[in-house]
Structures are given as C-alpha cells and as structure tokens.
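Novice: Shown below is the structure under consideration.
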Amino acid sequence: MDYKKSKAPVNTVTRNIMDLCKGTDNIYESVTIIGKRANQISAEIKQDLSKKLAEFASYNDSLEEVFENREQIEISRYYEKLPKPTLLATEEFINGNVYYRDPSKDNQ
C-alpha cells in the first residue's frame, strides 16, 4: 500500500456506522479489523521513517557536535503531515481494499 498517495483525509471525519458494518455485519469486528490494519500501516511507516533518518545518524559520542540537519527536519515534517494510520486503515476498509477472514466462520 502506498500511503503517500492515499486519498485519505488528514483530519478526523465523521463516518456512518452502517457503512463500516457492510462487510462484516458487526461494528466491533469492523473496528477490530481496522485497528489491526492501522497497526500494520503504523509499523510500515515507522520502518520507512527509520530507514530514511538512519542516513543522517551520527555515530560520535560528542554532545557538543549535535546540529540541525535541514533535510532531516523536512523528512520529519513530511511524515508528520501524512494521514494517521487509523484514517488510512478506515479508508482502505470502506473502499474494500483490506483482506480479512474469520477462521471460526471458515470451519463451519
């Protein structure tokens, strides 16, 4: 999933509960699916950000030589402006882009 090109809103949006229940017929199950997907997205974003910031890591122990790096600040600001993982996961769920299954229902 390319979260950088997502059309998810940056701010919180009021959702119709019935829209969230369409796929599962249970609001709690829908929220659980969205929550688990949000955790996956969050881990992916964190890993990507850590990789980009590792390029600027300084490995000397001197506290006096700490300085601000303009590129590092811009990268951090960019990631701060991205939609939150819960908003991305909710958008994916509503659009039907999330695969989920219930093992207990598969056995029946």
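Residues in the structure tokens are numbered from 1 in each chain, the chains being A, B, ... in the order shown, and ligands are numbered from 1 in the order shown.
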Which residues of segment 35-107 of chain A come within 12 Å of segment 27-30 of chain A, and what is each one's closest atom pair and distance in Å (one decimal), counting only C-alpha atoms, sorted by chain and residue number, as CSV?
Specialist:
residue,atom,partner,partner_atom,distance
A:Gly35,CA,A:Ser30,CA,8.5
A:Lys36,CA,A:Ser30,CA,10.0
A:Arg37,CA,A:Ser30,CA,10.7
A:Ala89,CA,A:Ser30,CA,10.9
A:Thr90,CA,A:Ser30,CA,9.4
A:Glu92,CA,A:Ser30,CA,11.8
A:Phe93,CA,A:Ser30,CA,8.3
A:Ile94,CA,A:Ser30,CA,9.9
A:Gly96,CA,A:Ser30,CA,11.8
A:Val98,CA,A:Ser30,CA,10.8
A:Tyr99,CA,A:Ser30,CA,11.8
A:Tyr100,CA,A:Ser30,CA,9.9
A:Arg101,CA,A:Glu29,CA,10.7
A:Asp102,CA,A:Glu29,CA,9.7
Novice: Show me, as a PyMOL selection string, the residues that have an atom within 12 Å of Glu80 of chain A when counting only C-alpha atoms, minus same-chain residues fewer than 6 positions from it.
Specialist: chain A and resi 4+10+45-46+49+73-74
Novice: Using N, CA, C and O atoms, can you write the selected residues to a file as a short mmCIF file (atom, residue, chain, number, x, y, z; two decimals), in the first residue's frame?
Specialist:
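Once written, result13.cif looks like this:
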data_model
loop_
_atom_site.label_atom_id
_atom_site.label_comp_id
_atom_site.auth_asym_id
_atom_site.auth_seq_id
_atom_site.Cartn_x
_atom_site.Cartn_y
_atom_site.Cartn_z
N LYS A 4 1.63 7.23 0.80
CA LYS A 4 1.99 8.58 0.38
C LYS A 4 1.00 9.13 -0.65
O LYS A 4 0.78 10.32 -0.74
N VAL A 10 -6.76 14.03 6.08
CA VAL A 10 -5.73 14.28 7.10
C VAL A 10 -6.39 14.51 8.45
O VAL A 10 -5.83 14.17 9.49
N ILE A 45 5.13 2.58 8.26
CA ILE A 45 5.55 3.99 8.23
C ILE A 45 6.77 4.19 9.14
O ILE A 45 7.72 4.88 8.77
N LYS A 46 6.73 3.59 10.32
CA LYS A 46 7.85 3.73 11.26
C LYS A 46 9.13 3.14 10.68
O LYS A 46 10.20 3.74 10.80
N LEU A 49 10.38 5.51 7.92
CA LEU A 49 10.96 6.73 8.50
C LEU A 49 12.31 6.43 9.15
O LEU A 49 13.26 7.20 8.97
N ILE A 73 14.97 17.51 9.09
CA ILE A 73 13.79 18.22 9.56
C ILE A 73 12.67 18.16 8.53
O ILE A 73 11.50 17.95 8.86
N GLU A 74 13.01 18.30 7.26
CA GLU A 74 12.00 18.24 6.20
C GLU A 74 11.37 16.85 6.11
O GLU A 74 10.16 16.73 5.90
#
Novice: Rounded to one decimal place, report the atom CA of Ala54 of chain A-atom CA of Gln72 of chain A distance in Å.
Specialist: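 Taking atom CA of Ala54 of chain A as the start and atom CA of Gln72 of chain A as the end point, the length is 9.8 Å.
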Novice: Can you work out the spacing between atom CA of Val13 of chain A and atom CA of Glu91 of chain A in Å, to one decimal?
Specialist: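 Here the two named atoms are 10.4 Å from each other.
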Novice: Residues of segment 6-101 of chain A in helix (DSSP H, G or I) according to DSSP, as an NGL selection string?
Specialist: :A and (17-21 or 27-54 or 70-81 or 85-95)
Novice: Please indicate the distance in Å from atom CA of Phe56 of chain A to atom CA of Leu88 of chain A, rounded to one decimal place.
Specialist: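 Distance reported for this atom pair: 28.0 Å.
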Novice: Within 10 Å of Thr12 of chain A, counting only C-alpha atoms, which residues show up once you throw out same-chain ones fewer than 6 positions away? Write them as a PyMOL selection string, please.
Specialist: chain A and resi 83-84+86-87
Novice: Residues as selected, all heavy atoms, written as a compact mmCIF listing (two decimals), in the first residue's frame, can you do that?
Specialist:
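Listed below is the output, again.txt:
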# COMPACT_ATOMS: atom_id res chain seq x y z
N PRO A 83 -1.58 11.41 6.66
CA PRO A 83 -2.75 10.99 7.44
C PRO A 83 -2.36 9.93 8.47
O PRO A 83 -1.44 9.15 8.24
CB PRO A 83 -3.69 10.39 6.39
CG PRO A 83 -3.21 10.88 5.09
CD PRO A 83 -1.76 11.17 5.24
N LYS A 84 -3.06 9.93 9.58
CA LYS A 84 -2.78 8.96 10.63
C LYS A 84 -3.13 7.55 10.16
O LYS A 84 -4.00 7.37 9.32
CB LYS A 84 -3.59 9.30 11.89
CG LYS A 84 -3.34 10.69 12.41
CD LYS A 84 -1.92 10.86 12.86
CE LYS A 84 -1.68 12.26 13.37
NZ LYS A 84 -0.38 12.74 13.05
N THR A 86 -4.85 5.19 11.44
CA THR A 86 -6.25 4.81 11.61
C THR A 86 -7.12 5.36 10.49
O THR A 86 -8.04 4.68 10.03
CB THR A 86 -6.81 5.29 12.96
OG1 THR A 86 -6.54 6.68 13.12
CG2 THR A 86 -6.20 4.53 14.12
N LEU A 87 -6.82 6.57 10.04
CA LEU A 87 -7.57 7.15 8.93
C LEU A 87 -7.28 6.41 7.63
O LEU A 87 -8.18 6.16 6.82
CB LEU A 87 -7.25 8.64 8.78
CG LEU A 87 -7.68 9.53 9.94
CD1 LEU A 87 -7.15 10.94 9.75
CD2 LEU A 87 -9.19 9.55 10.05
Novice: From the list A:Ile41, A:Met18, A:Ala8, A:Lys52, which residue is nearest Tyr78 of chain A when using only C-alpha atoms?
Specialist: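 Using only C-alpha atoms, the shortest distance to Tyr78 of chain A belongs to A:Lys52.
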Novice: Would you list the contacts of Lys81 of chain A as a PyMOL selection string, taking every protein, DNA or RNA residue within 12 Å and counting only C-alpha atoms, but skipping same-chain residues closer than 4 positions in sequence?
Specialist: chain A and resi 3-4+9-11+74-77+85
Novice: Take the residues from that selection and write them out as a PDB file, in the first residue's frame, keeping all heavy atoms.
Specialist:
ATOM      1  N   TYR A   3       0.974   4.615   1.103  1.00  0.00           N
ATOM      2  CA  TYR A   3       0.285   5.572   1.962  1.00  0.00           C
ATOM      3  C   TYR A   3       0.588   7.008   1.567  1.00  0.00           C
ATOM      4  O   TYR A   3      -0.149   7.912   1.925  1.00  0.00           O
ATOM      5  CB  TYR A   3       0.655   5.338   3.424  1.00  0.00           C
ATOM      6  CG  TYR A   3       2.137   5.283   3.682  1.00  0.00           C
ATOM      7  CD1 TYR A   3       2.870   6.434   3.890  1.00  0.00           C
ATOM      8  CD2 TYR A   3       2.807   4.071   3.699  1.00  0.00           C
ATOM      9  CE1 TYR A   3       4.217   6.388   4.106  1.00  0.00           C
ATOM     10  CE2 TYR A   3       4.166   4.023   3.923  1.00  0.00           C
ATOM     11  CZ  TYR A   3       4.859   5.174   4.132  1.00  0.00           C
ATOM     12  OH  TYR A   3       6.210   5.122   4.344  1.00  0.00           O
ATOM     13  N   LYS A   4       1.633   7.227   0.802  1.00  0.00           N
ATOM     14  CA  LYS A   4       1.985   8.583   0.379  1.00  0.00           C
ATOM     15  C   LYS A   4       1.002   9.127  -0.653  1.00  0.00           C
ATOM     16  O   LYS A   4       0.779  10.317  -0.737  1.00  0.00           O
ATOM     17  CB  LYS A   4       3.396   8.605  -0.190  1.00  0.00           C
ATOM     18  CG  LYS A   4       4.446   8.213   0.816  1.00  0.00           C
ATOM     19  CD  LYS A   4       5.786   8.057   0.186  1.00  0.00           C
ATOM     20  CE  LYS A   4       6.774   7.496   1.198  1.00  0.00           C
ATOM     21  NZ  LYS A   4       8.053   7.181   0.606  1.00  0.00           N
ATOM     22  N   PRO A   9      -8.364  11.351   4.287  1.00  0.00           N
ATOM     23  CA  PRO A   9      -8.341  12.704   4.854  1.00  0.00           C
ATOM     24  C   PRO A   9      -7.282  12.831   5.940  1.00  0.00           C
ATOM     25  O   PRO A   9      -6.949  11.857   6.613  1.00  0.00           O
ATOM     26  CB  PRO A   9      -9.745  12.863   5.443  1.00  0.00           C
ATOM     27  CG  PRO A   9     -10.203  11.473   5.696  1.00  0.00           C
ATOM     28  CD  PRO A   9      -9.562  10.619   4.650  1.00  0.00           C
ATOM     29  N   VAL A  10      -6.756  14.031   6.083  1.00  0.00           N
ATOM     30  CA  VAL A  10      -5.733  14.283   7.099  1.00  0.00           C
ATOM     31  C   VAL A  10      -6.386  14.513   8.452  1.00  0.00           C
ATOM     32  O   VAL A  10      -5.833  14.173   9.486  1.00  0.00           O
ATOM     33  CB  VAL A  10      -4.867  15.495   6.693  1.00  0.00           C
ATOM     34  CG1 VAL A  10      -3.826  15.803   7.748  1.00  0.00           C
ATOM     35  CG2 VAL A  10      -4.200  15.232   5.356  1.00  0.00           C
ATOM     36  N   ASN A  11      -7.584  15.069   8.447  1.00  0.00           N
ATOM     37  CA  ASN A  11      -8.312  15.339   9.677  1.00  0.00           C
ATOM     38  C   ASN A  11      -9.353  14.253   9.926  1.00  0.00           C
ATOM     39  O   ASN A  11      -9.725  13.507   9.027  1.00  0.00           O
ATOM     40  CB  ASN A  11      -9.018  16.688   9.594  1.00  0.00           C
ATOM     41  CG  ASN A  11      -8.040  17.831   9.488  1.00  0.00           C
ATOM     42  OD1 ASN A  11      -6.942  17.763  10.016  1.00  0.00           O
ATOM     43  ND2 ASN A  11      -8.425  18.868   8.794  1.00  0.00           N
ATOM     44  N   GLU A  74      13.009  18.301   7.259  1.00  0.00           N
ATOM     45  CA  GLU A  74      11.999  18.239   6.199  1.00  0.00           C
ATOM     46  C   GLU A  74      11.366  16.854   6.109  1.00  0.00           C
ATOM     47  O   GLU A  74      10.160  16.730   5.899  1.00  0.00           O
ATOM     48  CB  GLU A  74      12.619  18.625   4.849  1.00  0.00           C
ATOM     49  CG  GLU A  74      13.007  20.079   4.747  1.00  0.00           C
ATOM     50  CD  GLU A  74      11.828  21.022   4.927  1.00  0.00           C
ATOM     51  OE1 GLU A  74      10.737  20.744   4.393  1.00  0.00           O
ATOM     52  OE2 GLU A  74      12.005  22.037   5.630  1.00  0.00           O
ATOM     53  N   ILE A  75      12.171  15.818   6.251  1.00  0.00           N
ATOM     54  CA  ILE A  75      11.636  14.452   6.229  1.00  0.00           C
ATOM     55  C   ILE A  75      10.681  14.248   7.401  1.00  0.00           C
ATOM     56  O   ILE A  75       9.584  13.692   7.243  1.00  0.00           O
ATOM     57  CB  ILE A  75      12.783  13.422   6.265  1.00  0.00           C
ATOM     58  CG1 ILE A  75      13.534  13.434   4.941  1.00  0.00           C
ATOM     59  CG2 ILE A  75      12.246  12.020   6.561  1.00  0.00           C
ATOM     60  CD1 ILE A  75      14.797  12.599   4.939  1.00  0.00           C
ATOM     61  N   SER A  76      11.059  14.706   8.573  1.00  0.00           N
ATOM     62  CA  SER A  76      10.201  14.564   9.751  1.00  0.00           C
ATOM     63  C   SER A  76       8.895  15.320   9.578  1.00  0.00           C
ATOM     64  O   SER A  76       7.829  14.809   9.923  1.00  0.00           O
ATOM     65  CB  SER A  76      10.926  15.067  10.996  1.00  0.00           C
ATOM     66  OG  SER A  76      12.062  14.283  11.254  1.00  0.00           O
ATOM     67  N   ARG A  77       8.960  16.512   9.038  1.00  0.00           N
ATOM     68  CA  ARG A  77       7.732  17.295   8.812  1.00  0.00           C
ATOM     69  C   ARG A  77       6.819  16.620   7.795  1.00  0.00           C
ATOM     70  O   ARG A  77       5.605  16.642   7.936  1.00  0.00           O
ATOM     71  CB  ARG A  77       8.085  18.694   8.332  1.00  0.00           C
ATOM     72  CG  ARG A  77       8.557  19.581   9.431  1.00  0.00           C
ATOM     73  CD  ARG A  77       8.733  20.991   8.957  1.00  0.00           C
ATOM     74  NE  ARG A  77       9.229  21.821  10.040  1.00  0.00           N
ATOM     75  CZ  ARG A  77       9.883  22.937   9.880  1.00  0.00           C
ATOM     76  NH1 ARG A  77      10.129  23.393   8.658  1.00  0.00           N
ATOM     77  NH2 ARG A  77      10.305  23.626  10.918  1.00  0.00           N
ATOM     78  N   PRO A  85      -2.449   6.547  10.695  1.00  0.00           N
ATOM     79  CA  PRO A  85      -2.704   5.164  10.271  1.00  0.00           C
ATOM     80  C   PRO A  85      -4.153   4.720  10.423  1.00  0.00           C
ATOM     81  O   PRO A  85      -4.662   3.959   9.595  1.00  0.00           O
ATOM     82  CB  PRO A  85      -1.789   4.340  11.175  1.00  0.00           C
ATOM     83  CG  PRO A  85      -0.687   5.262  11.522  1.00  0.00           C
ATOM     84  CD  PRO A  85      -1.316   6.619  11.605  1.00  0.00           C
TER      85      PRO A  85
END
